[in-house]
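Just coords-v2.txt here, compact mmCIF, C-alpha atoms:
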```
# COMPACT_ATOMS: atom_id res chain seq x y z
CA MET A 238 66.32 103.87 53.34
CA ILE A 239 68.77 103.82 56.24
CA ILE A 240 67.53 101.86 59.22
CA ARG A 241 68.97 102.81 62.60
CA THR A 242 66.14 101.98 64.99
CA SER A 243 63.38 99.44 65.36
CA ALA A 244 60.94 102.24 64.53
CA ASP A 245 62.78 102.80 61.22
CA LEU A 246 62.54 99.07 60.49
CA GLY A 247 58.82 99.07 61.27
CA ALA A 248 58.27 102.04 58.97
CA ALA A 249 60.15 100.28 56.16
CA ILE A 250 58.08 97.12 56.58
CA ARG A 251 54.84 99.11 56.58
CA ALA A 252 55.90 101.08 53.48
CA GLY A 253 56.88 97.87 51.70
CA ARG A 254 53.57 96.23 52.58
CA LEU A 255 51.58 99.22 51.36
CA ALA A 256 53.65 99.44 48.16
CA LEU A 257 52.61 95.87 47.35
CA GLY A 258 49.00 96.61 48.25
CA LEU A 259 48.96 94.04 51.05
CA GLY A 260 46.92 94.19 54.21
CA GLN A 261 48.45 93.22 57.53
CA ALA A 262 46.60 89.90 57.52
CA GLU A 263 47.87 89.08 54.01
CA LEU A 264 51.46 89.84 55.00
CA ALA A 265 51.06 87.78 58.17
CA ALA A 266 49.87 84.80 56.12
CA ARG A 267 52.85 85.09 53.76
CA VAL A 268 55.31 85.22 56.67
CA GLY A 269 53.55 82.59 58.76
CA VAL A 270 52.78 84.79 61.76
CA GLN A 271 49.70 86.27 63.39
CA ARG A 272 48.43 89.68 62.26
CA GLN A 273 49.23 90.96 65.77
CA TRP A 274 52.95 90.30 65.09
CA VAL A 275 52.79 92.46 61.96
CA ILE A 276 51.10 95.23 63.94
CA LYS A 277 53.85 95.09 66.59
CA ILE A 278 56.76 95.04 64.13
CA GLU A 279 55.28 97.94 62.16
CA SER A 280 54.97 99.92 65.39
CA GLY A 281 58.69 99.44 66.09
CA LYS A 282 58.78 96.45 68.45
CA SER A 283 62.45 96.09 69.34
CA THR A 284 62.40 92.45 70.47
CA ALA A 285 61.22 90.82 67.25
CA GLU A 286 62.94 87.59 66.24
CA VAL A 287 65.53 88.26 63.55
CA GLY A 288 64.50 85.24 61.49
CA LEU A 289 60.92 86.45 61.29
CA VAL A 290 62.04 89.96 60.39
CA LEU A 291 64.18 88.56 57.56
CA ARG A 292 61.27 86.40 56.33
CA THR A 293 59.06 89.48 56.40
CA LEU A 294 61.55 91.54 54.40
CA ASN A 295 61.87 88.69 51.91
CA ALA A 296 58.07 88.44 51.56
CA LEU A 297 58.03 92.16 50.77
CA ARG A 298 60.91 91.78 48.29
CA LEU A 299 63.01 94.20 50.37
CA LYS A 300 66.79 93.89 50.34
CA VAL A 301 69.05 94.10 53.38
CA GLU A 302 72.52 95.57 52.97
CA ILE A 303 75.14 95.97 55.65
CA GLY A 304 77.58 98.82 55.31
CA GLU A 305 79.71 101.08 57.41
CA ALA A 306 77.90 104.08 58.85
CA LEU A 307 79.14 107.47 57.73
CA GLU A 308 79.40 108.54 61.36
CA LYS A 309 78.87 106.88 64.70
CA PRO A 310 75.51 107.53 66.33
CA ALA A 311 75.69 109.92 69.29
CA SER A 312 74.84 107.06 71.67
CA VAL A 313 78.13 105.31 70.75
CA ARG A 314 80.40 108.36 71.11
CA PRO A 315 81.64 109.35 74.57
CA PRO A 316 80.37 112.73 75.78
CA ALA A 317 82.47 115.74 74.78
CA GLY A 318 85.49 116.20 77.04
CA LEU A 319 85.65 112.54 78.09
CA SER A 320 87.87 109.72 76.91
CA TYR A 321 89.02 106.30 78.05
CA ASP A 322 92.60 105.53 79.05
CA ILE A 323 92.86 102.28 77.08
CA ASP A 324 96.42 101.62 78.29
CA ALA A 325 95.26 101.70 81.91
CA VAL A 326 92.33 99.40 81.13
CA LEU A 327 94.61 96.92 79.33
CA GLU A 328 97.19 97.03 82.12
CA ARG A 329 94.50 96.11 84.66
CA THR A 330 93.48 93.12 82.53
CA ARG A 331 96.94 91.51 82.57
CA PRO A 332 97.03 88.43 84.84
CA ASN A 333 100.26 89.53 86.54
CA ALA A 334 99.19 93.11 87.23
CA ALA A 335 100.17 94.44 90.67
CA VAL A 336 96.56 94.27 91.86
CA GLY A 337 96.15 90.69 90.64
CA SER A 338 94.05 89.29 87.86
CA ILE A 339 90.94 91.09 86.81
CA GLY A 340 87.57 89.55 86.14
CA HIS A 341 85.12 90.32 83.36
CA GLY A 342 82.98 92.44 85.69
CA ASP A 343 86.01 94.51 86.70
CA LEU A 344 86.80 95.18 83.06
CA GLN A 345 83.24 96.30 82.43
CA SER A 346 83.35 98.68 85.39
CA SER A 347 86.73 100.02 84.21
CA LEU A 348 85.25 100.80 80.82
CA ALA A 349 82.18 102.36 82.37
CA ARG A 350 84.26 105.00 84.21
CA PRO A 351 85.32 107.60 81.64
CA LYS A 352 88.37 109.74 82.30
CA LYS A 353 88.18 113.53 81.94
CA HIS A 354 90.53 115.20 79.44
CA LYS A 355 93.31 117.27 80.94
CA ARG A 356 93.42 120.75 79.46
```
Could you render the structure from this file as structure tokens?
Amino acid sequence: MIIRTSADLGAAIRAGRLALGLGQAELAARVGVQRQWVIKIESGKSTAEVGLVLRTLNALRLKVEIGEALEKPASVRPPAGLSYDIDAVLERTRPNAAVGSIGHGDLQSSLARPKKHKR
């Protein structure tokens, strides 16, 4: 199963629990959490503590593998027709740039402003 969202993770945990014939209370006892935590994680809670998630996956004998995605999710790709002028961004980050040094916030705002492609 490929997990891309917290909802996917919750579904995997629920499926693993059901495959072992465990109730939510039984899984909670194995992990050392309240049943309410299991309910939240199975419903896709996105702010769950990573350590508890890993303990839960271990209790369910589920394996975690990290690999490169076949393609970037749409949320990571810039919209069609837009790109970033990385040379301009890097030039503005140099301490001796004509405008002066740039702060972290300036870099973030530079990256946030996409440049339209010239056709």
Review point. If we count all atoms listed in the file, what is near region 248-250 of chain A at a cut-off of 9 Å, once residues fewer than 4 positions away on the same chain are taken out, given as a PyMOL selection string?
Key: chain A and resi 238+240+243-244+254-255+275+278-281+293-294+297+299
Quick one: 6 Å padding each side, axis-aligned, all listed atoms of region 242-258 of chain A - centre and edge lengths in Å to one decimal, as JSON?
```
{"center_x": 57.6, "center_y": 99.3, "center_z": 56.4, "size_x": 29.1, "size_y": 18.9, "size_z": 30.0}
```
Check your understanding: Could you work out how far CA of Lys277 (chain A) lies from CA of Arg251 (chain A), giving the answer in Å with one decimal?
Key -> 10.8 Å
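The coordinates place CA of Arg292 (chain A) at 13.6 Å from CA of Gln271 (chain A).
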**Study point:** Distance of CA of Ser283 (chain A) from CA of Thr242 (chain A), expressed in Å to one decimal place
**Key:** 8.2 Å
Residues at most 12 Å from Ala262 (chain A), counting only C-alpha atoms, excluding those fewer than 6 positions away in the same chain, as a PDB file with C-alpha atoms, keeping the file's coordinate frame?
```
ATOM      1  CA  ARG A 254      53.570  96.230  52.580  1.00  0.00           C
ATOM      2  CA  VAL A 268      55.310  85.220  56.670  1.00  0.00           C
ATOM      3  CA  GLY A 269      53.550  82.590  58.760  1.00  0.00           C
ATOM      4  CA  VAL A 270      52.780  84.790  61.760  1.00  0.00           C
ATOM      5  CA  GLN A 271      49.700  86.270  63.390  1.00  0.00           C
ATOM      6  CA  ARG A 272      48.430  89.680  62.260  1.00  0.00           C
ATOM      7  CA  GLN A 273      49.230  90.960  65.770  1.00  0.00           C
ATOM      8  CA  TRP A 274      52.950  90.300  65.090  1.00  0.00           C
ATOM      9  CA  VAL A 275      52.790  92.460  61.960  1.00  0.00           C
ATOM     10  CA  ILE A 276      51.100  95.230  63.940  1.00  0.00           C
TER      11      ILE A 276
END
```
Point to revise | Residue nearest Arg241 (chain A) among A:Ile323, A:Ile303, A:Ala266, A:Leu289 (counting only C-alpha atoms) | key: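 For Arg241 (chain A), the nearest of the given residues is A:Ile303.
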